[in-house]
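Step one of this worksheet: look at the structure below.
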Amino acid sequence: MGRSSKDKRDVYYRRAKEEGWRARSAYKLLQINDDFNIFEGVTRVVDLCAAPGSWSQVLAQKLRGESGQKSEAKIVAVDLQAMAPIPGVIQIQGDITKKSTAHAIIGHFEGEQADLVVCDGAPDVTGLHDIDEYIQAQLLLAALNITTHVLKKSGTFVAKIFRGKDVTLLYAQLKIFFSLVTVFKPRSSRNSSIEAFVVCQGYSPPEGYVPNMSNPLLDQQYDVNFNNLEGPNRVIVPFLACGDLSGFDSDMTYPLELEAGKNTYSYLEPTQSPINPPYKEACELRKSDMLSKPLGSHVVKAKLIGSQHN
Ligand code: SAM
């Protein structure tokens with residue numbers, strides 16, 4: 001009962017085992033192809049985040065035939081994890097966010113370009129949705145960076161995407177590089193999951209765009225000096241200093257205005273103080289003289305209060 005319960009629950013899991021696919025994900029790529037015909041005319045392809053290898057199996061079968069020898073189609077698969085060999089598939093064990101991995105992929109293409117790049121990358125899920133979505137978005141952008149190095153003009157890029165709350169920013173970024181971007185949810189992708197796939201067709205980077213692996217969010221050691229970027233690699237947004245230039249300058253000190261007929265200044269309380277500020281406890285300690293002053297460079301130390309800290 002225990003061992004077969006997943007078979008009962010998940011028809012794609014069961015069918016994958018029956019049909020010899022290493023993972024149920026194989027059906028996602030097959031279903032993407034059913035609708036978008038992404039394998040047509042493809043002889044060079046990169047499979048990013050490929051382990052355990054069901055997408056590479058699909059690619060090998062569709063492009064090189066059952067024997068893996070029907071054609072000389074080049075398939076390069078990359079993953080952090082080692083994966084069992086697949087006939088006709090070149091494997092690279094590496095991190096797709098690293099420049100060295102991009103170079104290793106490019107090395108296998110010997111100056112030629114890919115017709116198709118696919119990426120089923122998924123981080124180890126933390127269960128904290130915002131973080132999972134953020135890391136997934138970074139993986140997708142890393143995959144896009146690699147793609148800009150190897151994909152031929154008019155080529156296709158397919159990648160897993162989490163349809164989280166900020167996903168429209170990713171769509172906009174992809175639209176800069178592809179004439180047609182479609183979001184596709186294969187039937188084999190669980191309805192309960194925010195996972196979907198972007199099918200980006202018609203690769204056409206902006207005129208003058210120079211591929212690079214820079215992603216400041218991933219790599220604090222920027223490999224490009226952003227101020228030296230030129231042309232479409234550099235985006236300059238207009239700066240507008242707004243307001244009345246003769247109005248108050250918030251960096252200046254002005255004399256306090258005295259009330260008419262008085263020579264003292266009347267202080268007004270703030271309109272509404274915060275009702276539960278994070279510094280509330282420190283204020284209360286200070287009122288009862290329980291907060292000691294900083295000594296030299298030492299941080300403020302609260303005197304230990306009552307039995308709680310004894
Ligand atoms: N498409 C695969 C298949 O059909 O067998 C399944 C891919 S699995 C859902 C996601 C993969 O992404 C994992 O094998 C994981 O190691 C890989 N991955 C996650 N982050 C990666 C990274 N930075 N570089 C390379 N691979 C990564």
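Simple scheme: letters A, B, ... for chains in structure tokens order, numbers from 1 for residues in each chain, numbers from 1 for ligands in the order shown.
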
Any chance you could tabulate, as JSON lines, the residues of region 121-227 of chain A at most 8 Å from region 48-53 of chain A with each one's nearest atom pair and distance in Å to one decimal, using only C-alpha atoms, in chain and rising number order?
{"residue": "A:Gly121", "atom": "CA", "partner": "A:Cys49", "partner_atom": "CA", "distance": 4.8}
{"residue": "A:Ala122", "atom": "CA", "partner": "A:Cys49", "partner_atom": "CA", "distance": 7.7}
{"residue": "A:Ala143", "atom": "CA", "partner": "A:Leu48", "partner_atom": "CA", "distance": 7.2}

Test item: residues at most 8 Å from Pro232 (chain A), only C-alpha atoms, excluding those fewer than 5 positions along its chain, as a VMD selection string: chain A and resid 206 to 209

Coordinates-based distance that separates CA of Lys160 (chain A) from CA of Leu30 (chain A) (Å, one decimal): 14.0 Å

Which of region 46-157 of chain A end up as strand (DSSP E) when DSSP is run on this backbone - answer as a PyMOL selection string? chain A and resi 46-48+74-79+89-93+114-119+151-157

One decimal, Å: what's the distance from CA of Val78 (chain A) over to CA of Met213 (chain A), could you say? 16.3 Å

At a cut-off of 12 Å, using only C-alpha atoms, what residues contact Gly164 (chain A)? Leave out same-chain residues fewer than 5 positions from it and give the result as a PyMOL selection string. chain A and resi 129-137+169-171+193-196

Could those selected residues go to a file with C-alpha atoms, as a PDB file, in the first residue's frame?
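Result went into part_34.pdb, see below:
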ATOM      1  CA  HIS A 129       7.631  31.631  -0.571  1.00  0.00           C
ATOM      2  CA  ASP A 130       9.265  35.033  -1.069  1.00  0.00           C
ATOM      3  CA  ILE A 131      12.758  33.553  -0.791  1.00  0.00           C
ATOM      4  CA  ASP A 132      11.932  30.590  -3.041  1.00  0.00           C
ATOM      5  CA  GLU A 133      10.492  32.921  -5.694  1.00  0.00           C
ATOM      6  CA  TYR A 134      13.498  35.214  -5.450  1.00  0.00           C
ATOM      7  CA  ILE A 135      16.024  32.376  -5.877  1.00  0.00           C
ATOM      8  CA  GLN A 136      14.003  30.891  -8.741  1.00  0.00           C
ATOM      9  CA  ALA A 137      14.012  34.306 -10.468  1.00  0.00           C
ATOM     10  CA  LEU A 169       9.210  42.272 -14.030  1.00  0.00           C
ATOM     11  CA  LEU A 170      10.719  39.012 -15.320  1.00  0.00           C
ATOM     12  CA  TYR A 171       8.359  38.976 -18.304  1.00  0.00           C
ATOM     13  CA  SER A 193       2.086  24.726  -7.871  1.00  0.00           C
ATOM     14  CA  ILE A 194       2.938  28.269  -8.996  1.00  0.00           C
ATOM     15  CA  GLU A 195       5.365  26.693 -11.468  1.00  0.00           C
ATOM     16  CA  ALA A 196       4.918  27.474 -15.163  1.00  0.00           C
TER      17      ALA A 196
END

Quick one: residues within 6 Å of Asp47 (chain A), only C-alpha atoms, excluding same-chain residues fewer than 5 positions away - as a VMD selection string? chain A and resid 77 118 to 119

Go through A:Asp124, A:Gly88, A:Asp34, A:Thr271 one by one, measure the shortest atom-to-atom distance of each to Glu66 (chain A) using only C-alpha atoms, and give the residue with the smallest value. A:Gly88

What are the nearest atom pairs, with distances in Å to one decimal, for all residues of region 186-287 of chain A that come at most 12 Å from region 8-18 of chain A, using only C-alpha atoms, set out by chain and rising residue number as JSON lines?
{"residue": "A:Pro186", "atom": "CA", "partner": "A:Tyr12", "partner_atom": "CA", "distance": 11.8}
{"residue": "A:Arg187", "atom": "CA", "partner": "A:Tyr12", "partner_atom": "CA", "distance": 9.8}
{"residue": "A:Ser188", "atom": "CA", "partner": "A:Tyr12", "partner_atom": "CA", "distance": 6.7}
{"residue": "A:Ser189", "atom": "CA", "partner": "A:Tyr12", "partner_atom": "CA", "distance": 9.4}
{"residue": "A:Arg190", "atom": "CA", "partner": "A:Asp10", "partner_atom": "CA", "distance": 9.7}

Please return, as JSON, numbers by chain, all residues of region 156-298 of chain A that DSSP assigns to helix (DSSP H, G or I) on the basis of the backbone. {"A": [167, 168, 169, 170, 171, 172, 173, 174, 175, 176, 177, 226, 227, 228, 231, 232, 233, 280, 281, 282, 283, 284, 285, 286, 287]}

Do a neighbour search on Leu174 (chain A) at 12 Å with only C-alpha atoms, toss out local chain neighbours closer than 2 positions, and write the hits as a PDB file with N, CA, C and O atoms, in the first residue's frame.
ATOM      1  N   ALA A 137      13.846  33.214  -9.498  1.00  0.00           N
ATOM      2  CA  ALA A 137      14.012  34.306 -10.468  1.00  0.00           C
ATOM      3  C   ALA A 137      15.491  34.502 -10.793  1.00  0.00           C
ATOM      4  O   ALA A 137      15.863  34.755 -11.939  1.00  0.00           O
ATOM      5  N   LEU A 140      16.601  31.867 -13.158  1.00  0.00           N
ATOM      6  CA  LEU A 140      16.117  32.156 -14.512  1.00  0.00           C
ATOM      7  C   LEU A 140      16.983  33.229 -15.172  1.00  0.00           C
ATOM      8  O   LEU A 140      17.342  33.117 -16.344  1.00  0.00           O
ATOM      9  N   LEU A 141      17.351  34.265 -14.397  1.00  0.00           N
ATOM     10  CA  LEU A 141      18.184  35.330 -14.983  1.00  0.00           C
ATOM     11  C   LEU A 141      19.588  34.803 -15.305  1.00  0.00           C
ATOM     12  O   LEU A 141      20.188  35.194 -16.307  1.00  0.00           O
ATOM     13  N   ALA A 143      20.189  31.752 -16.204  1.00  0.00           N
ATOM     14  CA  ALA A 143      19.982  30.968 -17.432  1.00  0.00           C
ATOM     15  C   ALA A 143      19.892  31.901 -18.636  1.00  0.00           C
ATOM     16  O   ALA A 143      20.445  31.617 -19.710  1.00  0.00           O
ATOM     17  N   LEU A 144      19.224  33.048 -18.452  1.00  0.00           N
ATOM     18  CA  LEU A 144      19.117  34.009 -19.554  1.00  0.00           C
ATOM     19  C   LEU A 144      20.499  34.554 -19.916  1.00  0.00           C
ATOM     20  O   LEU A 144      20.827  34.701 -21.094  1.00  0.00           O
ATOM     21  N   ASN A 145      21.319  34.832 -18.906  1.00  0.00           N
ATOM     22  CA  ASN A 145      22.672  35.331 -19.162  1.00  0.00           C
ATOM     23  C   ASN A 145      23.461  34.328 -20.014  1.00  0.00           C
ATOM     24  O   ASN A 145      24.109  34.701 -20.992  1.00  0.00           O
ATOM     25  N   THR A 147      22.233  32.055 -21.874  1.00  0.00           N
ATOM     26  CA  THR A 147      21.560  31.988 -23.181  1.00  0.00           C
ATOM     27  C   THR A 147      22.066  33.083 -24.119  1.00  0.00           C
ATOM     28  O   THR A 147      22.292  32.846 -25.310  1.00  0.00           O
ATOM     29  N   THR A 148      22.273  34.297 -23.578  1.00  0.00           N
ATOM     30  CA  THR A 148      22.714  35.399 -24.456  1.00  0.00           C
ATOM     31  C   THR A 148      24.115  35.139 -25.029  1.00  0.00           C
ATOM     32  O   THR A 148      24.494  35.725 -26.028  1.00  0.00           O
ATOM     33  N   THR A 156      15.271  29.807 -29.563  1.00  0.00           N
ATOM     34  CA  THR A 156      14.208  29.687 -28.552  1.00  0.00           C
ATOM     35  C   THR A 156      14.804  29.375 -27.174  1.00  0.00           C
ATOM     36  O   THR A 156      15.764  28.612 -27.066  1.00  0.00           O
ATOM     37  N   PHE A 157      14.203  29.965 -26.145  1.00  0.00           N
ATOM     38  CA  PHE A 157      14.608  29.739 -24.752  1.00  0.00           C
ATOM     39  C   PHE A 157      13.359  29.345 -23.969  1.00  0.00           C
ATOM     40  O   PHE A 157      12.343  30.029 -24.032  1.00  0.00           O
ATOM     41  N   VAL A 158      13.455  28.215 -23.276  1.00  0.00           N
ATOM     42  CA  VAL A 158      12.318  27.743 -22.469  1.00  0.00           C
ATOM     43  C   VAL A 158      12.799  27.627 -21.031  1.00  0.00           C
ATOM     44  O   VAL A 158      13.848  27.024 -20.787  1.00  0.00           O
ATOM     45  N   ALA A 159      12.076  28.179 -20.082  1.00  0.00           N
ATOM     46  CA  ALA A 159      12.552  28.096 -18.696  1.00  0.00           C
ATOM     47  C   ALA A 159      11.404  28.033 -17.705  1.00  0.00           C
ATOM     48  O   ALA A 159      10.340  28.622 -17.923  1.00  0.00           O
ATOM     49  N   ILE A 161       9.449  29.011 -14.479  1.00  0.00           N
ATOM     50  CA  ILE A 161       9.261  30.307 -13.815  1.00  0.00           C
ATOM     51  C   ILE A 161       8.243  30.100 -12.698  1.00  0.00           C
ATOM     52  O   ILE A 161       7.346  29.263 -12.831  1.00  0.00           O
ATOM     53  N   VAL A 167       6.270  38.668 -10.862  1.00  0.00           N
ATOM     54  CA  VAL A 167       6.690  37.972 -12.075  1.00  0.00           C
ATOM     55  C   VAL A 167       6.655  38.863 -13.317  1.00  0.00           C
ATOM     56  O   VAL A 167       7.394  38.640 -14.274  1.00  0.00           O
ATOM     57  N   THR A 168       5.837  39.918 -13.296  1.00  0.00           N
ATOM     58  CA  THR A 168       5.737  40.757 -14.495  1.00  0.00           C
ATOM     59  C   THR A 168       7.068  41.446 -14.808  1.00  0.00           C
ATOM     60  O   THR A 168       7.356  41.749 -15.960  1.00  0.00           O
ATOM     61  N   LEU A 169       7.893  41.675 -13.781  1.00  0.00           N
ATOM     62  CA  LEU A 169       9.210  42.272 -14.030  1.00  0.00           C
ATOM     63  C   LEU A 169      10.055  41.305 -14.869  1.00  0.00           C
ATOM     64  O   LEU A 169      10.742  41.705 -15.813  1.00  0.00           O
ATOM     65  N   LEU A 170       9.968  40.007 -14.541  1.00  0.00           N
ATOM     66  CA  LEU A 170      10.719  39.012 -15.320  1.00  0.00           C
ATOM     67  C   LEU A 170      10.223  38.964 -16.760  1.00  0.00           C
ATOM     68  O   LEU A 170      11.018  38.889 -17.698  1.00  0.00           O
ATOM     69  N   TYR A 171       8.895  38.997 -16.933  1.00  0.00           N
ATOM     70  CA  TYR A 171       8.359  38.976 -18.304  1.00  0.00           C
ATOM     71  C   TYR A 171       8.930  40.155 -19.092  1.00  0.00           C
ATOM     72  O   TYR A 171       9.325  40.029 -20.240  1.00  0.00           O
ATOM     73  N   ALA A 172       8.958  41.331 -18.432  1.00  0.00           N
ATOM     74  CA  ALA A 172       9.434  42.538 -19.121  1.00  0.00           C
ATOM     75  C   ALA A 172      10.906  42.375 -19.504  1.00  0.00           C
ATOM     76  O   ALA A 172      11.319  42.770 -20.600  1.00  0.00           O
ATOM     77  N   ILE A 176      12.727  42.035 -23.538  1.00  0.00           N
ATOM     78  CA  ILE A 176      13.794  42.852 -24.132  1.00  0.00           C
ATOM     79  C   ILE A 176      14.589  42.009 -25.132  1.00  0.00           C
ATOM     80  O   ILE A 176      15.115  42.506 -26.115  1.00  0.00           O
ATOM     81  N   PHE A 177      14.644  40.675 -24.886  1.00  0.00           N
ATOM     82  CA  PHE A 177      15.511  39.810 -25.693  1.00  0.00           C
ATOM     83  C   PHE A 177      14.756  38.934 -26.706  1.00  0.00           C
ATOM     84  O   PHE A 177      15.383  38.375 -27.593  1.00  0.00           O
ATOM     85  N   PHE A 178      13.457  38.770 -26.513  1.00  0.00           N
ATOM     86  CA  PHE A 178      12.705  37.861 -27.396  1.00  0.00           C
ATOM     87  C   PHE A 178      11.481  38.564 -27.954  1.00  0.00           C
ATOM     88  O   PHE A 178      10.791  39.292 -27.222  1.00  0.00           O
ATOM     89  N   SER A 179      11.193  38.283 -29.229  1.00  0.00           N
ATOM     90  CA  SER A 179      10.046  38.975 -29.820  1.00  0.00           C
ATOM     91  C   SER A 179       8.727  38.414 -29.292  1.00  0.00           C
ATOM     92  O   SER A 179       7.731  39.117 -29.241  1.00  0.00           O
ATOM     93  N   LEU A 180       8.725  37.126 -28.873  1.00  0.00           N
ATOM     94  CA  LEU A 180       7.470  36.539 -28.395  1.00  0.00           C
ATOM     95  C   LEU A 180       7.730  35.784 -27.090  1.00  0.00           C
ATOM     96  O   LEU A 180       8.582  34.885 -27.038  1.00  0.00           O
ATOM     97  N   VAL A 181       7.038  36.169 -26.035  1.00  0.00           N
ATOM     98  CA  VAL A 181       7.184  35.490 -24.740  1.00  0.00           C
ATOM     99  C   VAL A 181       5.799  34.988 -24.318  1.00  0.00           C
ATOM    100  O   VAL A 181       4.854  35.764 -24.225  1.00  0.00           O
ATOM    101  N   THR A 182       5.710  33.659 -24.095  1.00  0.00           N
ATOM    102  CA  THR A 182       4.427  33.070 -23.709  1.00  0.00           C
ATOM    103  C   THR A 182       4.621  32.295 -22.416  1.00  0.00           C
ATOM    104  O   THR A 182       5.650  31.650 -22.235  1.00  0.00           O
ATOM    105  N   VAL A 183       3.649  32.358 -21.535  1.00  0.00           N
ATOM    106  CA  VAL A 183       3.727  31.553 -20.306  1.00  0.00           C
ATOM    107  C   VAL A 183       2.838  30.339 -20.503  1.00  0.00           C
ATOM    108  O   VAL A 183       1.688  30.469 -20.932  1.00  0.00           O
ATOM    109  N   VAL A 198       8.177  29.692 -19.264  1.00  0.00           N
ATOM    110  CA  VAL A 198       8.153  30.748 -20.270  1.00  0.00           C
ATOM    111  C   VAL A 198       8.734  30.154 -21.548  1.00  0.00           C
ATOM    112  O   VAL A 198       9.791  29.512 -21.514  1.00  0.00           O
ATOM    113  N   VAL A 199       8.009  30.346 -22.630  1.00  0.00           N
ATOM    114  CA  VAL A 199       8.509  29.913 -23.932  1.00  0.00           C
ATOM    115  C   VAL A 199       8.843  31.201 -24.687  1.00  0.00           C
ATOM    116  O   VAL A 199       7.947  31.963 -25.056  1.00  0.00           O
ATOM    117  N   CYS A 200      10.150  31.456 -24.832  1.00  0.00           N
ATOM    118  CA  CYS A 200      10.595  32.731 -25.411  1.00  0.00           C
ATOM    119  C   CYS A 200      11.107  32.444 -26.822  1.00  0.00           C
ATOM    120  O   CYS A 200      12.104  31.730 -26.991  1.00  0.00           O
ATOM    121  N   GLN A 201      10.427  32.997 -27.805  1.00  0.00           N
ATOM    122  CA  GLN A 201      10.776  32.699 -29.196  1.00  0.00           C
ATOM    123  C   GLN A 201      11.282  33.957 -29.898  1.00  0.00           C
ATOM    124  O   GLN A 201      10.907  35.074 -29.549  1.00  0.00           O
ATOM    125  N   GLY A 202      12.122  33.728 -30.909  1.00  0.00           N
ATOM    126  CA  GLY A 202      12.608  34.858 -31.713  1.00  0.00           C
ATOM    127  C   GLY A 202      13.655  35.659 -30.968  1.00  0.00           C
ATOM    128  O   GLY A 202      13.460  36.859 -30.718  1.00  0.00           O
ATOM    129  N   TYR A 203      14.793  35.014 -30.621  1.00  0.00           N
ATOM    130  CA  TYR A 203      15.843  35.729 -29.879  1.00  0.00           C
ATOM    131  C   TYR A 203      16.343  36.910 -30.708  1.00  0.00           C
ATOM    132  O   TYR A 203      16.786  36.734 -31.848  1.00  0.00           O
ATOM    133  N   SER A 204      16.243  38.091 -30.159  1.00  0.00           N
ATOM    134  CA  SER A 204      16.706  39.297 -30.871  1.00  0.00           C
ATOM    135  C   SER A 204      17.159  40.309 -29.829  1.00  0.00           C
ATOM    136  O   SER A 204      16.382  41.163 -29.400  1.00  0.00           O
ATOM    137  N   PRO A 205      18.436  40.150 -29.352  1.00  0.00           N
ATOM    138  CA  PRO A 205      18.921  41.080 -28.330  1.00  0.00           C
ATOM    139  C   PRO A 205      18.943  42.500 -28.881  1.00  0.00           C
ATOM    140  O   PRO A 205      19.018  42.689 -30.097  1.00  0.00           O
ATOM    141  N   PRO A 206      18.902  43.499 -27.992  1.00  0.00           N
ATOM    142  CA  PRO A 206      18.948  44.883 -28.474  1.00  0.00           C
ATOM    143  C   PRO A 206      20.212  45.102 -29.306  1.00  0.00           C
ATOM    144  O   PRO A 206      21.258  44.516 -29.016  1.00  0.00           O
TER     145      PRO A 206
END
